[in-house]
Every structure is written in structure tokens, then in C-alpha cells.
4 protein chains.
Amino acid sequence: MALAQDDRFTDVGRLVVRCPDRPGIVAVLSGLMADVGANITDSQQHSSDPSGGTFTLRLEFVLAGLAERRAELERRLAGLAGEWRLTWRLVDASHRPTIAVFVSRTDHVLQELVYRVRAGDLRADIVAVISNHPDLEPVAAAAGIPFHQVPVAPDTKAAAETRALEIVGDADLVVLARYMQIVSPEFCARFPERLINIHHSFLPAFVGANPYRAAHDRGVKLIGATAHYVTAELDAGPIIEQEVARVDHRATVEDMRRVGRYVERQVLAQAVTWHVEDRVIVEGDRTIVFA
Amino acid sequence: MALAQDDRFTDVGRLVVRCPDRPGIVAVLSGLMADVGANITDSQQHSSDPSGGTFTLRLEFVLAGLAERRAELERRLAGLAGEWRLTWRLVDASHRPTIAVFVSRTDHVLQELVYRVRAGDLRADIVAVISNHPDLEPVAAAAGIPFHQVPVAPDTKAAAETRALEIVGDADLVVLARYMQIVSPEFCARFPERLINIHHSFLPAFVGANPYRAAHDRGVKLIGATAHYVTAELDAGPIIEQEVARVDHRATVEDMRRVGRYVERQVLAQAVTWHVEDRVIVEGDRTIVFA
Amino acid sequence: MALAQDDRFTDVGRLVVRCPDRPGIVAVLSGLMADVGANITDSQQHSSDPSGGTFTLRLEFVLAGLAERRAELERRLAGLAGEWRLTWRLVDASHRPTIAVFVSRTDHVLQELVYRVRAGDLRADIVAVISNHPDLEPVAAAAGIPFHQVPVAPDTKAAAETRALEIVGDADLVVLARYMQIVSPEFCARFPERLINIHHSFLPAFVGANPYRAAHDRGVKLIGATAHYVTAELDAGPIIEQEVARVDHRATVEDMRRVGRYVERQVLAQAVTWHVEDRVIVEGDRTIVFA
Amino acid sequence: MALAQDDRFTDVGRLVVRCPDRPGIVAVLSGLMADVGANITDSQQHSSDPSGGTFTLRLEFVLAGLAERRAELERRLAGLAGEWRLTWRLVDASHRPTIAVFVSRTDHVLQELVYRVRAGDLRADIVAVISNHPDLEPVAAAAGIPFHQVPVAPDTKAAAETRALEIVGDADLVVLARYMQIVSPEFCARFPERLINIHHSFLPAFVGANPYRAAHDRGVKLIGATAHYVTAELDAGPIIEQEVARVDHRATVEDMRRVGRYVERQVLAQAVTWHVEDRVIVEGDRTIVFA
């Protein structure tokens, strides 16, 4: 489902920088951009603490001939890295990241990702759909995406993950789109800050299985969904996005599931979109989202 | 702060009925209302289960001379109670319930209740403000409400509750409006389904103390507030209303507290308003809210 | 795209009744339902005015053997119609209404309707997609829905409408899902209270063409969408549902269009769902929605 | 109602700059800040167009001894102004702006402003309440704010405005908090970009008088409020903030007014807060809000 290049992104770059907060860092970085002739079109920054914290900056810029001049930019950034203790990521916005999507039986989140890619709202390419069940093969086929069934059973779990890793290959991002299996800590470790899950509750309420049942039993008046990076600790990774929807006393567990589907698809699609636009930066157990 | 009678409520009655769900119950009750000449102006009902559950009905009606004819209505309802296993509550809408409000040091929720009573949006009379601190005496005084300071220390807690109970007297409703003390199970038991608390989180996330700190540490993207009936188990009573507000990575714990105040006052005021309008019915651990 | 019967709706009926408001009407109707042995599972009512207005009632009920007993119910309702000046509609909930959808070039609303039918959230069958452009033929084809291109030019408009009417046939509902043509008053008159349009603004702001451009120029901070029944007067029919989304100063007209798509699809799908569940009743220029 | 200085704002400055967009402007300004030893703690920027538009920047910074070093900063900014065609505003965050508030009979918006000032959420001082009616004198008195009744009649309007201008004096901001009089173009011209009104509808829907009546008649499903800068053209000035609340078919005009009050107070208080924090910049008919 690779789409054609989009002129809006030609020569557009993004620079995400982190370093200890010190006066002058903005001047140094914007000076560098001015020196090479880049026009900064968007800039967002965050200081984790008024003094002594971490400084995070995301720049969007236009630089004629970005592809050719990228090496120069990187060399100059590298030149600053030591003195300012910078870590940085430089991205050509015309690059379309690749995504591998894990699903089980429900299709609403996958459908939404497919729709948004097609509509041009999510600039990425879904390169594989992987499932422990065969049900969603037609959805992938209709979208022209290779579908891989990788069954999981208690005693084949390790082998299944190995197989899944082969399929994922060097995809830029892995998305668990209502994949009803717990992935291993080793699997998580393979995709640091690039493995996103949608949990069907307003975390940290209702961790674990069957959150709509638990939400119903607790009598909540809002149900929610949470997109987060996956870490080894179940449902505890850094939260990227959350949203809720109102329910009332008439709502059965099944009604909550139905209403929740629309929240889940919105939340995950938003989180994935922000991620591929380099708007999400992990800071400890939390995220910075330059929305 | 007692206000004058409001003509809109003259001869307006409310009937809340619960019974095992059986075909014909609506006909029997609406037949009774028609017989006495009442015009049903609003009706909401709920069946807890398609079959074999509990039926709940809330009627608003106009009946000329309601005050005089109330005894007749009650007699007729009593006549049905045995056969249909009814429990019921009949309310004259012109009655203004009385509320005792417990506070500590923060005034935002109390201020909101005072404002809504004055504005006529909350038809009730706040008859006492009780606090373990002196800080909010001026707020009560400005509103013309008796203020009672009842200090609480670990070894005087029982005596303090006894004193508070005397002050509350026969108030129709007790509201904990950011009262930073845990009330005893005995206290809770004195006000079944008429003791409302505002908890400053989206329950069941962040039970207990300092929920904004906990929310900040978890990195949530929405903060919430929950109004609930208080039961012996801390923060676990039936939820009446919840709402959330969006925060981002820039929000400190203090920012969350500030944003949260506006959510808390809205949620508690809404819950109290619904309660005094007889719109909230407890069903096990949950509530039915005929909003 | 006809789906199998759903047992949840077997023997479930809906009765929508309107009449001048008079004491006793609820008793009469619920008495009738009790007499025939129906169990009322949901009931919502509205009085347009405390005195002398119009009374509207929507009942959901379970009646064993509904299909066989429908004639009896209708006969009894007809028996009341004269005295109480009733108009009524009796619906077997297991009936799946048919929908004809008009589109032009953008697919997001159609895709959403198709998704919701498939997911079982919208219990209806889309029987025809009609467009003045060929672009969305693949979307219809993928969903197994007959697609009809009916080009419209200034001098062929009447003939095109005639052709469209033939295709619509006796569909229960006609939906204009971002159909970028103005339909004639005669066309509107053919589908009273069963022709729904999505307008891409918060009506009555920005009637007419290019509302996102107008919204951008006015500098609004929220953009909206409105689903309404279509009447002869452009963008002035009774509103069924509206929703908004937040935008900021960075949003271009194109950004507003993109954000708006997600609002439009949600609003139209909600309106259509309520309509096919017999929850929407037109009252003059407004609607009653028993959501 | 002047409150004590708040240490959080000592040595905190804000710089708002506008100029034609040119590469290098960020480097120049951040270089200047670095040179004087200021630490930029927040930075937001906006380019009105990818090429050839207007560049707007808002910086928050900490500079030890800001009060003493302000002249130096201003001199250096002035030195850049010619070459870069800068307009700029430099603000000491510890300065509390003064506000004159115009009201008529309803108090909800005034009460909210008073509450937020007291709570410390709105860092400003309300120095005068001016009204064409005497009703809200007690509200002003309770808050310790001078109250001035300036009656307005058709033939005394000019004199009344003259008197009002004297009272306003050199207040930093004028707020029309449900002031039910139309102010003259001359009055508007006296307070360019510092005269804020709350209109009780979602503009541009329902301009003019009695918007809730108009909203009810149109049958909208959301009601709204709009805070905007006042210009000579009624209800057409640049919008700062808007919000909506849901209503249903049961809502009378009076119900809409009641619900609307809570939206109005929230919207106006938010707009005023952003304004006094120098977060709102007018750009033609629209605003940039660095929220």
C-alpha cells in the first residue's frame, strides 16, 4: 500500500533534540539552522524542570536540497553533541515509515489505520498484518497488505514470536491493534519506543483482561481507551494518548464494547499518527507530545 | 440561605418506584396516576435485565392540590405495594431539601454549590458548613450559612464525628466537598444513599490520597473527578458522575490540581443537583441516573 | 450487503405515538400493551409544552409472536386513534430498513456507514450507492453494494433526478453522504422525514458552499458538522445531530477539511442510526431524539 | 483586590515578536536572549504562510535582575527592529494587569472572574465594575472592587460612555461580561485588541440579540459561547475562544440560558486569562493563541 511521494514534504526536515537544559541551547541550534540556510517553520520545546532538567526541542524546517545536504547537517549536529550532550534524530519528512500491525479477531482499529493511510492523514505504509487468527485476512487483502497468520499456543509462544519477528523485519513501527496476546519482555525490548498498544480502558484503571466488564461492574460513567508504548510491565508503558466516551446506566458490557470501539480506533490512530510525525518523545515513564 | 417558593414547582410531584420487573407494571402505575387526575409530564424507566431484573421508574407529574391529595396517593401506592413488591418514594417538588456541607481548606466546590443555589440551578438549602479548619468561615458567612469548625485529631476523631452529627441533624443530604478526612463506617451508615463525596480522580484510577501526584507520575493525558455515594469502603461507593479534562506534558502536579478544581466543582454540583431532583437511584454498586 | 436476522430483535417491537397532550394517555397506551401481554422494556416520552402541547411516546417492548399479533395490535391502536387523535408508527425491530446513499467524490462518510453496517452497529442494509461521479465505485463494489453513476449537468438535472428516483425505488431512507449537488424541492418532497444530509458546518453557521473556507476566514476555534432532514429550504431542515472538534490558529482550510471528515462521519452515522432505530421524531422545525 | 507578588514570576519575562517571515529570525532572537544570559523556558511560534507570511514568536524566559536589565533588552530589540522589521512587546510577568469589567444584571461571568483572581488562576486585578444597572453592586462590594453605576438611555449614551471612559482610566484590559449595551465604534477604537466581549452563541451563528431564543427555534443540539475582541462591527471581531454544551429536545429557551451560563463563564475566563498572559495575538480577523 505504498503511496506516491507527496510534494508537500519535499525538502521538509524534522529535528528532535534532547540535552541537559542550559541557557543558549536554542540559540546554538537555531544558529546552526540559519547557517545552513534552513527556514524553521515550526518549533516546539519543553523543559522538564525550570532548572537542571532536560530540554527537548522539535523543529520542522525547509532546506532546499535536503537529501544532498543531510550529511552536512548531521556532521554539524555531531560537532555540537559533545559540548551540549545532545542526542538527536534528524528525519526527512518525505520518508514514509513502515508499520507492522498485529491483530486478533476484531477489525475496527486495523480498518481505521488502513482508512487513514488511504486518506493521506497517516503518512506511513502498512507493510504487514500479523494475526494469531485467520479472520482478518480479507481486510488485509482488500487493502493490498500481506497477511500472515501466526498461531499462538502456550507451548509455541516462543516460536511464534520468532516467526513474527522475521515478518516484522525492519519495520519502523510495530502496532498492537487489539492483539489479544501478551508479548514477551524480549519482544518488547526489540522495539524500544516503537511498539504501540491500544488498551481498551482509561489506564491505569482496569489493567489486564476484560476491562469493559470491570468498568461495567464498577459503574463508571465514562469509558476510555489508552494508547501507550509497550514495556515489559503489562499496561504500564508511557501513555501517548487517551480519550473517553460517556455511557449511562443502560449500557451493558456489550454496549460498552461497541461504544469503546470508536474510542479505541480514534485513540490508536491519533497516537500512531503523532509517532510517525516524530511528535512523541519518551521521558522516563511519560511522554512529551508536540501535537 | 432559604429562598422563596418557586411557582414552577407548585403541584409538581415526583414518584420513584422500584420492583421486580413484570409485564403490566407501567400500566398499573400510569393507571393509578390517571385515576387521581395527575398529568405525567416526564417518565423515565429502566429494566436492569431483559428478563427477571429490577424495574425502576421515575415519574414527574402535575396534580392539582398535590399537598392535600398526597395522602390519597400514598394510600393507593401502598395498596399496590404488596402485590407488585414495590418500594417507592413520593416527593413534592416544591420541597427544598437541606444540605450539610463538609469542607477543609479549599473553597472551590463550596463556592460552586453556593453559586448554584443562589442562581436557582440547585434547588436546595445549604443549612450548615462544617470544617476541620477555620479557613472557609468567611465563605460561609458571605453566603449567610452557619459555619461550624469541628477540629479533627487522631484521638478526637470519634468525638468530632459525634459533634458533626449533631450539627448535621436531620439534613436531607450530606456532601463532602473536598473534606480531607476519612469518615468512619458508622458515619457512612447514618446516611445511606445520601452522603456524596467528590474524589479528585477518575475512579477507580488513583484511589486514596494525592491522586494528582499519582496521575502526574503515571503520565495520564486526561485528569478526572468522580462524585459518588460514600460507603464504608474508601472510594468504592456507587458513582454518580464523572468528567475529565485534557492535560499535556507541560502540566505539573500543581497545574493538574488547578485544572482539576474546575472539573471537581462541575462534577460534584451536577451530582448533587441530580440527587436533590430525585434522579439518582442506587442499584447495587452502581447508580441509575435519569438525567 | 443484507445480513442475517439477529435474535436479539426477534419479537421486539417499537411503537411511536403522537397526540395532543391529555392526562391519561400513558395509562391508556400502557394498558393496551399490558392487555396484549407485551413487556415494555424501554419508554421515553416528551411533552412539547406543560399544557396544551403535543405528547410524543416511544416504547420498546417484547411480545411473543409479534409478527402474528401485529394486526391485532394495529387494530387496537386504530381503535384508540379517533378518541385520542393519535398518529402512530408500529415497527418490528427485526426488520432491517433499506438505505440508498448519494455520494460525490469523497468516501469517508460512505466508508463509515459501510463499516457500521458490517459491525452490526447500524442495523440496516445499504441497497444502492448513487453518485454523479465514478470515483467511489470501488468502495461500493468492495462492500457488495450496487453502484450507479448518474451524472448531473445543469441541463440534465431533472432527468438525472428521475433516474435517481428509479434507483432509490422504495428504499426506506435516503442519505446524502457528502453529495455535492442541491436536490430539487420535488425530490425532497418525495422523502418526507426520510432524507438525511450531512452539512460540513455547525449550522446555522456557514450555510451553503465551502463552509470550511468560511470557517477559516472567520477564525473559529471549533469546527462542526450537522446531520439534518432535508427540506426545500437549503440547509434549513430539522437538525438531528451536531458535533464539533477543536482547531487552532495553525489549521489551514485543508486541515479543517481533514479534521472535519472525522466529525462528519461520526455525526451522520449517529443520525442515521437513530433514524433507523425510530428514535427521531420531527416536531415542526426541530427534532425529538429519544437517544 | 490587589494581591501580593508571587515569587514564581520574579525575573520571568515574556517577549512577543512579529515580523515578516525570513530564515534566521529565530537564531537572531534566541542569540540575543543567550547573549544577555536569559534562559528560554517556553517558546511558541507561528508562520502565517510557508513562504512570505508573518512570523510570530512568544518566548518565556528567566533573566536574573529582569527589572534592572529590561532597558538593555529593549535597546537591543530596538537595534534589530529596523533590519528585521520587528514589532515586539516585552512584559515582566510579575506585573499584574488591571481589568475594568462592564456588566448589566447577570452575575455569573463576573463571579467567575472574581473567583479566578482570588484562586490565583487569573493573575490580574479587577479595578472597577461598571454597570448600567445597580444589581451587581453587592457582588463587587463582596470582592472589594469599586462599583460604578453608569445608566444608559438612548439620549444619554454618549455621555455615559464618556463617564465610563473616565472610570476605566488606564486599565490594561476592558471586559464586557454580559454587558447588554452596544458600545460605540469610538469606544471600541479606544481599546484596540484589549476589549473582550462574551457573546452567548457559537459565532457566527446567532449574531445579535437573544441568541438562545434563536438557537432554540433553529433546534440546535449544541449551544455555544464565544469570547472575542470587540471591533466596530457587531459580533464580528477576532475570536479568542469558543466552547459548546450539549442540549436535547427537552431544553426550553430558559434551560438553554441556564446551561449556557456555565459555558459563557468558562469561555470568557479562559480568554481573559490567555490575554493577560500575553498568549493572544491578533492577525487580521483571526487570533493566534499560544495556549
# chains A, B, ... in the order shown; residues from 1 in each chain; ligands from 1
>>> closest_atom_pairs(of="chain B", to="chain D", cutoff="8 Å", atoms="only C-alpha atoms", output="JSON lines")
{"residue": "B:Asp121", "atom": "CA", "partner": "D:Arg258", "partner_atom": "CA", "distance": 7.5}
{"residue": "B:Ala142", "atom": "CA", "partner": "D:Ala142", "partner_atom": "CA", "distance": 7.8}
{"residue": "B:Arg258", "atom": "CA", "partner": "D:Asp121", "partner_atom": "CA", "distance": 7.5}
>>> write_last_selection(atoms="all heavy atoms", output="PDB file, in the first residue's frame")
ATOM      1  N   ASP B 121     -30.183  27.182  40.172  1.00  0.00           N
ATOM      2  CA  ASP B 121     -29.918  25.973  39.398  1.00  0.00           C
ATOM      3  C   ASP B 121     -29.882  24.736  40.289  1.00  0.00           C
ATOM      4  O   ASP B 121     -30.065  23.610  39.816  1.00  0.00           O
ATOM      5  CB  ASP B 121     -28.575  26.090  38.659  1.00  0.00           C
ATOM      6  CG  ASP B 121     -28.604  27.202  37.624  1.00  0.00           C
ATOM      7  OD1 ASP B 121     -29.713  27.662  37.276  1.00  0.00           O
ATOM      8  OD2 ASP B 121     -27.524  27.620  37.175  1.00  0.00           O
ATOM      9  N   ALA B 142     -20.356  34.924  54.060  1.00  0.00           N
ATOM     10  CA  ALA B 142     -20.807  35.746  52.935  1.00  0.00           C
ATOM     11  C   ALA B 142     -22.084  35.188  52.321  1.00  0.00           C
ATOM     12  O   ALA B 142     -22.901  35.923  51.770  1.00  0.00           O
ATOM     13  CB  ALA B 142     -19.706  35.827  51.871  1.00  0.00           C
ATOM     14  N   ARG B 258      -4.923  22.615  39.605  1.00  0.00           N
ATOM     15  CA  ARG B 258      -5.662  23.810  39.196  1.00  0.00           C
ATOM     16  C   ARG B 258      -6.737  23.449  38.159  1.00  0.00           C
ATOM     17  O   ARG B 258      -7.897  23.828  38.298  1.00  0.00           O
ATOM     18  CB  ARG B 258      -4.700  24.841  38.618  1.00  0.00           C
ATOM     19  CG  ARG B 258      -5.373  26.154  38.302  1.00  0.00           C
ATOM     20  CD  ARG B 258      -4.385  27.248  37.973  1.00  0.00           C
ATOM     21  NE  ARG B 258      -3.614  26.931  36.792  1.00  0.00           N
ATOM     22  CZ  ARG B 258      -2.294  26.770  36.764  1.00  0.00           C
ATOM     23  NH1 ARG B 258      -1.585  26.908  37.843  1.00  0.00           N
ATOM     24  NH2 ARG B 258      -1.680  26.483  35.640  1.00  0.00           N
TER      25      ARG B 258
END
>>> residues_around(residues="Arg58 in chain A", least_positions_apart="4", cutoff="10 Å", atoms="only C-alpha atoms", output="mmCIF file with N, CA and C atoms, in the first residue's frame")
data_model
loop_
_atom_site.group_PDB
_atom_site.id
_atom_site.type_symbol
_atom_site.label_atom_id
_atom_site.label_comp_id
_atom_site.auth_asym_id
_atom_site.auth_seq_id
_atom_site.Cartn_x
_atom_site.Cartn_y
_atom_site.Cartn_z
ATOM 1 N N ARG A 14 12.773 17.298 9.875
ATOM 2 C CA ARG A 14 12.400 17.416 11.286
ATOM 3 C C ARG A 14 13.629 17.069 12.115
ATOM 4 N N LEU A 15 13.852 17.875 13.124
ATOM 5 C CA LEU A 15 14.963 17.620 14.025
ATOM 6 C C LEU A 15 14.418 17.548 15.452
ATOM 7 N N VAL A 16 14.670 16.428 16.111
ATOM 8 C CA VAL A 16 14.279 16.292 17.510
ATOM 9 C C VAL A 16 15.556 16.180 18.332
ATOM 10 N N VAL A 17 15.709 17.044 19.298
ATOM 11 C CA VAL A 17 16.940 17.124 20.080
ATOM 12 C C VAL A 17 16.633 17.038 21.561
ATOM 13 N N ARG A 18 17.461 16.344 22.301
ATOM 14 C CA ARG A 18 17.360 16.325 23.762
ATOM 15 C C ARG A 18 18.734 16.586 24.353
ATOM 16 N N ASP A 42 8.277 25.362 12.113
ATOM 17 C CA ASP A 42 7.585 25.050 13.368
ATOM 18 C C ASP A 42 8.623 24.680 14.404
ATOM 19 N N SER A 43 8.349 25.103 15.633
ATOM 20 C CA SER A 43 9.301 24.823 16.699
ATOM 21 C C SER A 43 8.517 24.629 17.977
ATOM 22 N N GLN A 44 8.778 23.525 18.658
ATOM 23 C CA GLN A 44 8.168 23.302 19.956
ATOM 24 C C GLN A 44 9.252 22.806 20.886
ATOM 25 N N GLN A 45 9.198 23.276 22.130
ATOM 26 C CA GLN A 45 10.230 22.873 23.082
ATOM 27 C C GLN A 45 9.618 22.622 24.441
ATOM 28 N N HIS A 46 10.335 21.893 25.248
ATOM 29 C CA HIS A 46 9.860 21.591 26.597
ATOM 30 C C HIS A 46 11.051 21.445 27.520
ATOM 31 N N TRP A 88 20.053 13.340 19.284
ATOM 32 C CA TRP A 88 19.208 13.952 18.269
ATOM 33 C C TRP A 88 18.779 12.936 17.227
ATOM 34 N N ARG A 89 17.690 13.289 16.557
ATOM 35 C CA ARG A 89 17.155 12.478 15.465
ATOM 36 C C ARG A 89 16.793 13.433 14.346
ATOM 37 N N LEU A 90 17.318 13.166 13.168
ATOM 38 C CA LEU A 90 17.048 14.022 12.015
ATOM 39 C C LEU A 90 16.261 13.206 11.004
ATOM 40 N N ASP A 278 6.974 12.110 14.302
ATOM 41 C CA ASP A 278 8.066 12.424 15.240
ATOM 42 C C ASP A 278 7.651 13.456 16.285
ATOM 43 N N ARG A 279 6.412 13.322 16.730
ATOM 44 C CA ARG A 279 5.894 14.269 17.713
ATOM 45 C C ARG A 279 5.927 13.721 19.137
ATOM 46 N N VAL A 280 6.267 12.458 19.307
ATOM 47 C CA VAL A 280 6.212 11.826 20.629
ATOM 48 C C VAL A 280 7.623 11.521 21.103
ATOM 49 N N ILE A 281 7.956 11.998 22.269
ATOM 50 C CA ILE A 281 9.276 11.726 22.849
ATOM 51 C C ILE A 281 9.059 11.133 24.237
ATOM 52 N N PHE A 290 4.390 16.730 21.137
ATOM 53 C CA PHE A 290 4.338 18.045 20.478
ATOM 54 C C PHE A 290 3.248 18.012 19.409
#
>>> residues_around(residues="Asp217 in chain D", least_positions_apart="3", cutoff="9 Å", atoms="only C-alpha atoms", output="PyMOL selection string")
(chain C and resi 285-286) or (chain D and resi 212-214+220+253)
>>> residues_around(residues="His275 in chain C", least_positions_apart="5", cutoff="10 Å", atoms="only C-alpha atoms", output="list in words")
Pro97, Leu173, Glu193, Arg194, Ile196, Ile240, Ala269, Gln270, Val280, Ile281 and Val289 of chain C
>>> write_last_selection(atoms="N, CA and C atoms", output="JSON list (two decimals), in the first residue's frame")
[["chain", "number", "residue", "atom", "x", "y", "z"],
["C", 97, "PRO", "N", -34.20, -1.83, 7.82],
["C", 97, "PRO", "CA", -34.54, -0.81, 6.81],
["C", 97, "PRO", "C", -33.52, -0.80, 5.68],
["C", 173, "LEU", "N", -34.94, 4.85, 3.43],
["C", 173, "LEU", "CA", -34.23, 6.06, 3.82],
["C", 173, "LEU", "C", -33.26, 6.46, 2.71],
["C", 193, "GLU", "N", -39.18, 13.47, 5.89],
["C", 193, "GLU", "CA", -38.64, 12.93, 7.13],
["C", 193, "GLU", "C", -37.88, 11.62, 6.92],
["C", 194, "ARG", "N", -37.46, 11.37, 5.70],
["C", 194, "ARG", "CA", -36.59, 10.21, 5.48],
["C", 194, "ARG", "C", -35.52, 10.50, 4.42],
["C", 196, "ILE", "N", -31.85, 12.39, 4.70],
["C", 196, "ILE", "CA", -30.90, 12.95, 5.67],
["C", 196, "ILE", "C", -29.66, 13.44, 4.95],
["C", 240, "ILE", "N", -30.81, 16.80, 13.35],
["C", 240, "ILE", "CA", -30.84, 15.56, 14.12],
["C", 240, "ILE", "C", -29.65, 15.49, 15.08],
["C", 269, "ALA", "N", -23.34, 9.16, 10.79],
["C", 269, "ALA", "CA", -23.60, 7.77, 11.18],
["C", 269, "ALA", "C", -24.49, 7.71, 12.42],
["C", 270, "GLN", "N", -24.28, 8.62, 13.35],
["C", 270, "GLN", "CA", -25.13, 8.65, 14.54],
["C", 270, "GLN", "C", -26.57, 9.00, 14.17],
["C", 280, "VAL", "N", -35.97, 9.22, 16.16],
["C", 280, "VAL", "CA", -36.06, 10.63, 15.77],
["C", 280, "VAL", "C", -37.47, 10.96, 15.31],
["C", 281, "ILE", "N", -38.05, 11.97, 15.93],
["C", 281, "ILE", "CA", -39.40, 12.40, 15.54],
["C", 281, "ILE", "C", -39.33, 13.89, 15.22],
["C", 289, "VAL", "N", -35.20, 13.59, 19.80],
["C", 289, "VAL", "CA", -34.34, 12.42, 19.64],
["C", 289, "VAL", "C", -34.34, 11.63, 20.95]]
>>> residues_around(residues="Val247 in chain B", least_positions_apart="3", cutoff="7 Å", atoms="only C-alpha atoms", output="PyMOL selection string")
chain B and resi 221-223+251
>>> atom_distance(atom1="CA of His249 in chain A", atom2="CA of Leu268 in chain B")
18.3 Å
>>> select_by_dssp(residues="range 3-127 of chain B", states="alpha helix (DSSP H)", output="ChimeraX atom specification")
/B:25-36,66-84,108-119
>>> select_by_dssp(residues="range 23-265 of chain A", states="strand (DSSP E)", output="number ranges by chain")
A: 39-47, 54-62, 87-92, 98-103, 125-131, 147-149, 173-176, 195-199, 222-229, 239-246
>>> residues_around(residues="Pro185 in chain D", least_positions_apart="3", cutoff="7 Å", atoms="only C-alpha atoms", output="list of chain:residue names")
D:Cys188, D:Ala189, D:Ala232
>>> write_last_selection(atoms="N, CA, C and O atoms", output="mmCIF file, in the first residue's frame")
data_model
loop_
_atom_site.group_PDB
_atom_site.id
_atom_site.type_symbol
_atom_site.label_atom_id
_atom_site.label_comp_id
_atom_site.auth_asym_id
_atom_site.auth_seq_id
_atom_site.Cartn_x
_atom_site.Cartn_y
_atom_site.Cartn_z
ATOM 1 N N CYS D 188 -14.846 51.354 21.026
ATOM 2 C CA CYS D 188 -14.029 50.214 20.572
ATOM 3 C C CYS D 188 -12.632 50.687 20.181
ATOM 4 O O CYS D 188 -11.628 50.038 20.503
ATOM 5 N N ALA D 189 -12.592 51.804 19.454
ATOM 6 C CA ALA D 189 -11.315 52.281 18.923
ATOM 7 C C ALA D 189 -10.349 52.674 20.038
ATOM 8 O O ALA D 189 -9.134 52.697 19.825
ATOM 9 N N ALA D 232 -15.560 47.509 15.603
ATOM 10 C CA ALA D 232 -16.710 48.367 15.308
ATOM 11 C C ALA D 232 -17.881 47.561 14.758
ATOM 12 O O ALA D 232 -19.043 47.932 14.935
#
>>> atom_distance(atom1="CA of Asp11 in chain C", atom2="CA of Thr41 in chain C")
12.1 Å
>>> atom_distance(atom1="CA of Val114 in chain D", atom2="CA of Pro151 in chain D")
22.9 Å
>>> decode(residues="range 34-139 of chain B", atoms="C-alpha atoms", output="compact mmCIF listing (two decimals), in the first residue's frame")
# COMPACT_ATOMS: atom_id res chain seq x y z
CA ALA B 34 -54.69 8.79 35.58
CA ASP B 35 -57.28 7.77 38.15
CA VAL B 36 -56.25 10.50 40.55
CA GLY B 37 -56.14 13.02 37.72
CA ALA B 38 -52.37 13.51 37.57
CA ASN B 39 -50.80 14.50 34.25
CA ILE B 40 -47.48 12.71 33.72
CA THR B 41 -45.07 15.28 32.28
CA ASP B 42 -41.92 13.19 32.34
CA SER B 43 -41.30 9.48 32.64
CA GLN B 44 -38.10 7.52 32.60
CA GLN B 45 -37.71 3.83 33.28
CA HIS B 46 -35.02 1.21 33.38
CA SER B 47 -35.04 -2.57 33.46
CA SER B 48 -31.86 -3.98 34.90
CA ASP B 49 -32.24 -7.09 32.79
CA PRO B 50 -34.42 -8.03 29.80
CA SER B 51 -35.97 -10.73 31.97
CA GLY B 52 -36.19 -11.18 35.70
CA GLY B 53 -34.47 -7.97 36.65
CA THR B 54 -35.47 -4.92 38.61
CA PHE B 55 -37.76 -2.30 37.18
CA THR B 56 -37.16 1.34 38.10
CA LEU B 57 -39.45 4.19 37.18
CA ARG B 58 -39.28 7.93 37.77
CA LEU B 59 -42.37 9.98 37.01
CA GLU B 60 -42.86 13.71 37.14
CA PHE B 61 -46.47 14.74 37.22
CA VAL B 62 -48.77 17.67 37.87
CA LEU B 63 -51.65 17.10 40.27
CA ALA B 64 -53.85 20.00 41.33
CA GLY B 65 -53.83 20.24 45.10
CA LEU B 66 -50.91 17.87 45.47
CA ALA B 67 -50.31 18.72 49.11
CA GLU B 68 -53.89 17.83 50.07
CA ARG B 69 -54.04 14.75 47.88
CA ARG B 70 -50.71 13.31 48.80
CA ALA B 71 -52.15 11.03 51.48
CA GLU B 72 -54.57 9.56 48.97
CA LEU B 73 -51.77 8.89 46.51
CA GLU B 74 -49.70 7.26 49.19
CA ARG B 75 -52.60 5.07 50.26
CA ARG B 76 -53.14 3.87 46.75
CA LEU B 77 -49.46 3.18 46.23
CA ALA B 78 -49.40 1.27 49.49
CA GLY B 79 -52.30 -0.74 48.17
CA LEU B 80 -50.20 -1.88 45.22
CA ALA B 81 -47.02 -2.43 47.16
CA GLY B 82 -47.75 -5.94 48.30
CA GLU B 83 -48.85 -7.48 45.01
CA TRP B 84 -46.12 -5.84 42.95
CA ARG B 85 -43.47 -5.81 45.68
CA LEU B 86 -42.99 -2.06 45.19
CA THR B 87 -40.68 0.24 47.04
CA TRP B 88 -41.42 3.85 46.30
CA ARG B 89 -40.65 7.43 47.15
CA LEU B 90 -43.11 10.25 46.59
CA VAL B 91 -41.75 13.77 46.61
CA ASP B 92 -43.38 17.17 46.44
CA ALA B 93 -41.10 19.09 44.06
CA SER B 94 -41.76 22.33 45.90
CA HIS B 95 -39.95 20.92 48.93
CA ARG B 96 -36.40 22.28 49.12
CA PRO B 97 -34.03 19.64 50.52
CA THR B 98 -31.49 20.70 53.11
CA ILE B 99 -27.78 20.05 52.70
CA ALA B 100 -24.92 19.97 55.19
CA VAL B 101 -21.55 20.51 53.53
CA PHE B 102 -18.20 19.34 54.93
CA VAL B 103 -15.09 21.15 53.75
CA SER B 104 -11.44 21.50 54.72
CA ARG B 105 -9.38 24.33 53.27
CA THR B 106 -10.18 24.58 49.58
CA ASP B 107 -13.26 26.53 48.68
CA HIS B 108 -13.91 25.89 45.00
CA VAL B 109 -16.53 23.20 45.42
CA LEU B 110 -18.33 25.02 48.22
CA GLN B 111 -18.32 28.24 46.21
CA GLU B 112 -19.87 26.42 43.28
CA LEU B 113 -22.65 24.93 45.40
CA VAL B 114 -23.36 28.35 46.90
CA TYR B 115 -23.42 29.92 43.44
CA ARG B 116 -25.80 27.32 42.04
CA VAL B 117 -28.19 27.61 44.96
CA ARG B 118 -28.25 31.38 44.50
CA ALA B 119 -28.65 31.12 40.75
CA GLY B 120 -31.62 28.81 41.25
CA ASP B 121 -29.92 25.97 39.40
CA LEU B 122 -29.64 23.84 42.54
CA ARG B 123 -32.95 23.87 44.36
CA ALA B 124 -31.84 23.14 47.89
CA ASP B 125 -30.79 24.99 51.01
CA ILE B 126 -27.32 24.69 52.44
CA VAL B 127 -28.00 24.73 56.18
CA ALA B 128 -24.54 24.14 57.57
CA VAL B 129 -20.91 24.25 56.58
CA ILE B 130 -18.73 22.07 58.78
CA SER B 131 -14.96 22.10 58.63
CA ASN B 132 -11.93 20.79 60.48
CA HIS B 133 -10.26 24.12 59.71
CA PRO B 134 -11.36 27.74 60.16
CA ASP B 135 -10.33 28.92 56.70
CA LEU B 136 -13.68 28.88 54.95
CA GLU B 137 -15.69 30.64 57.60
CA PRO B 138 -15.77 33.84 55.51
CA VAL B 139 -17.17 31.98 52.51
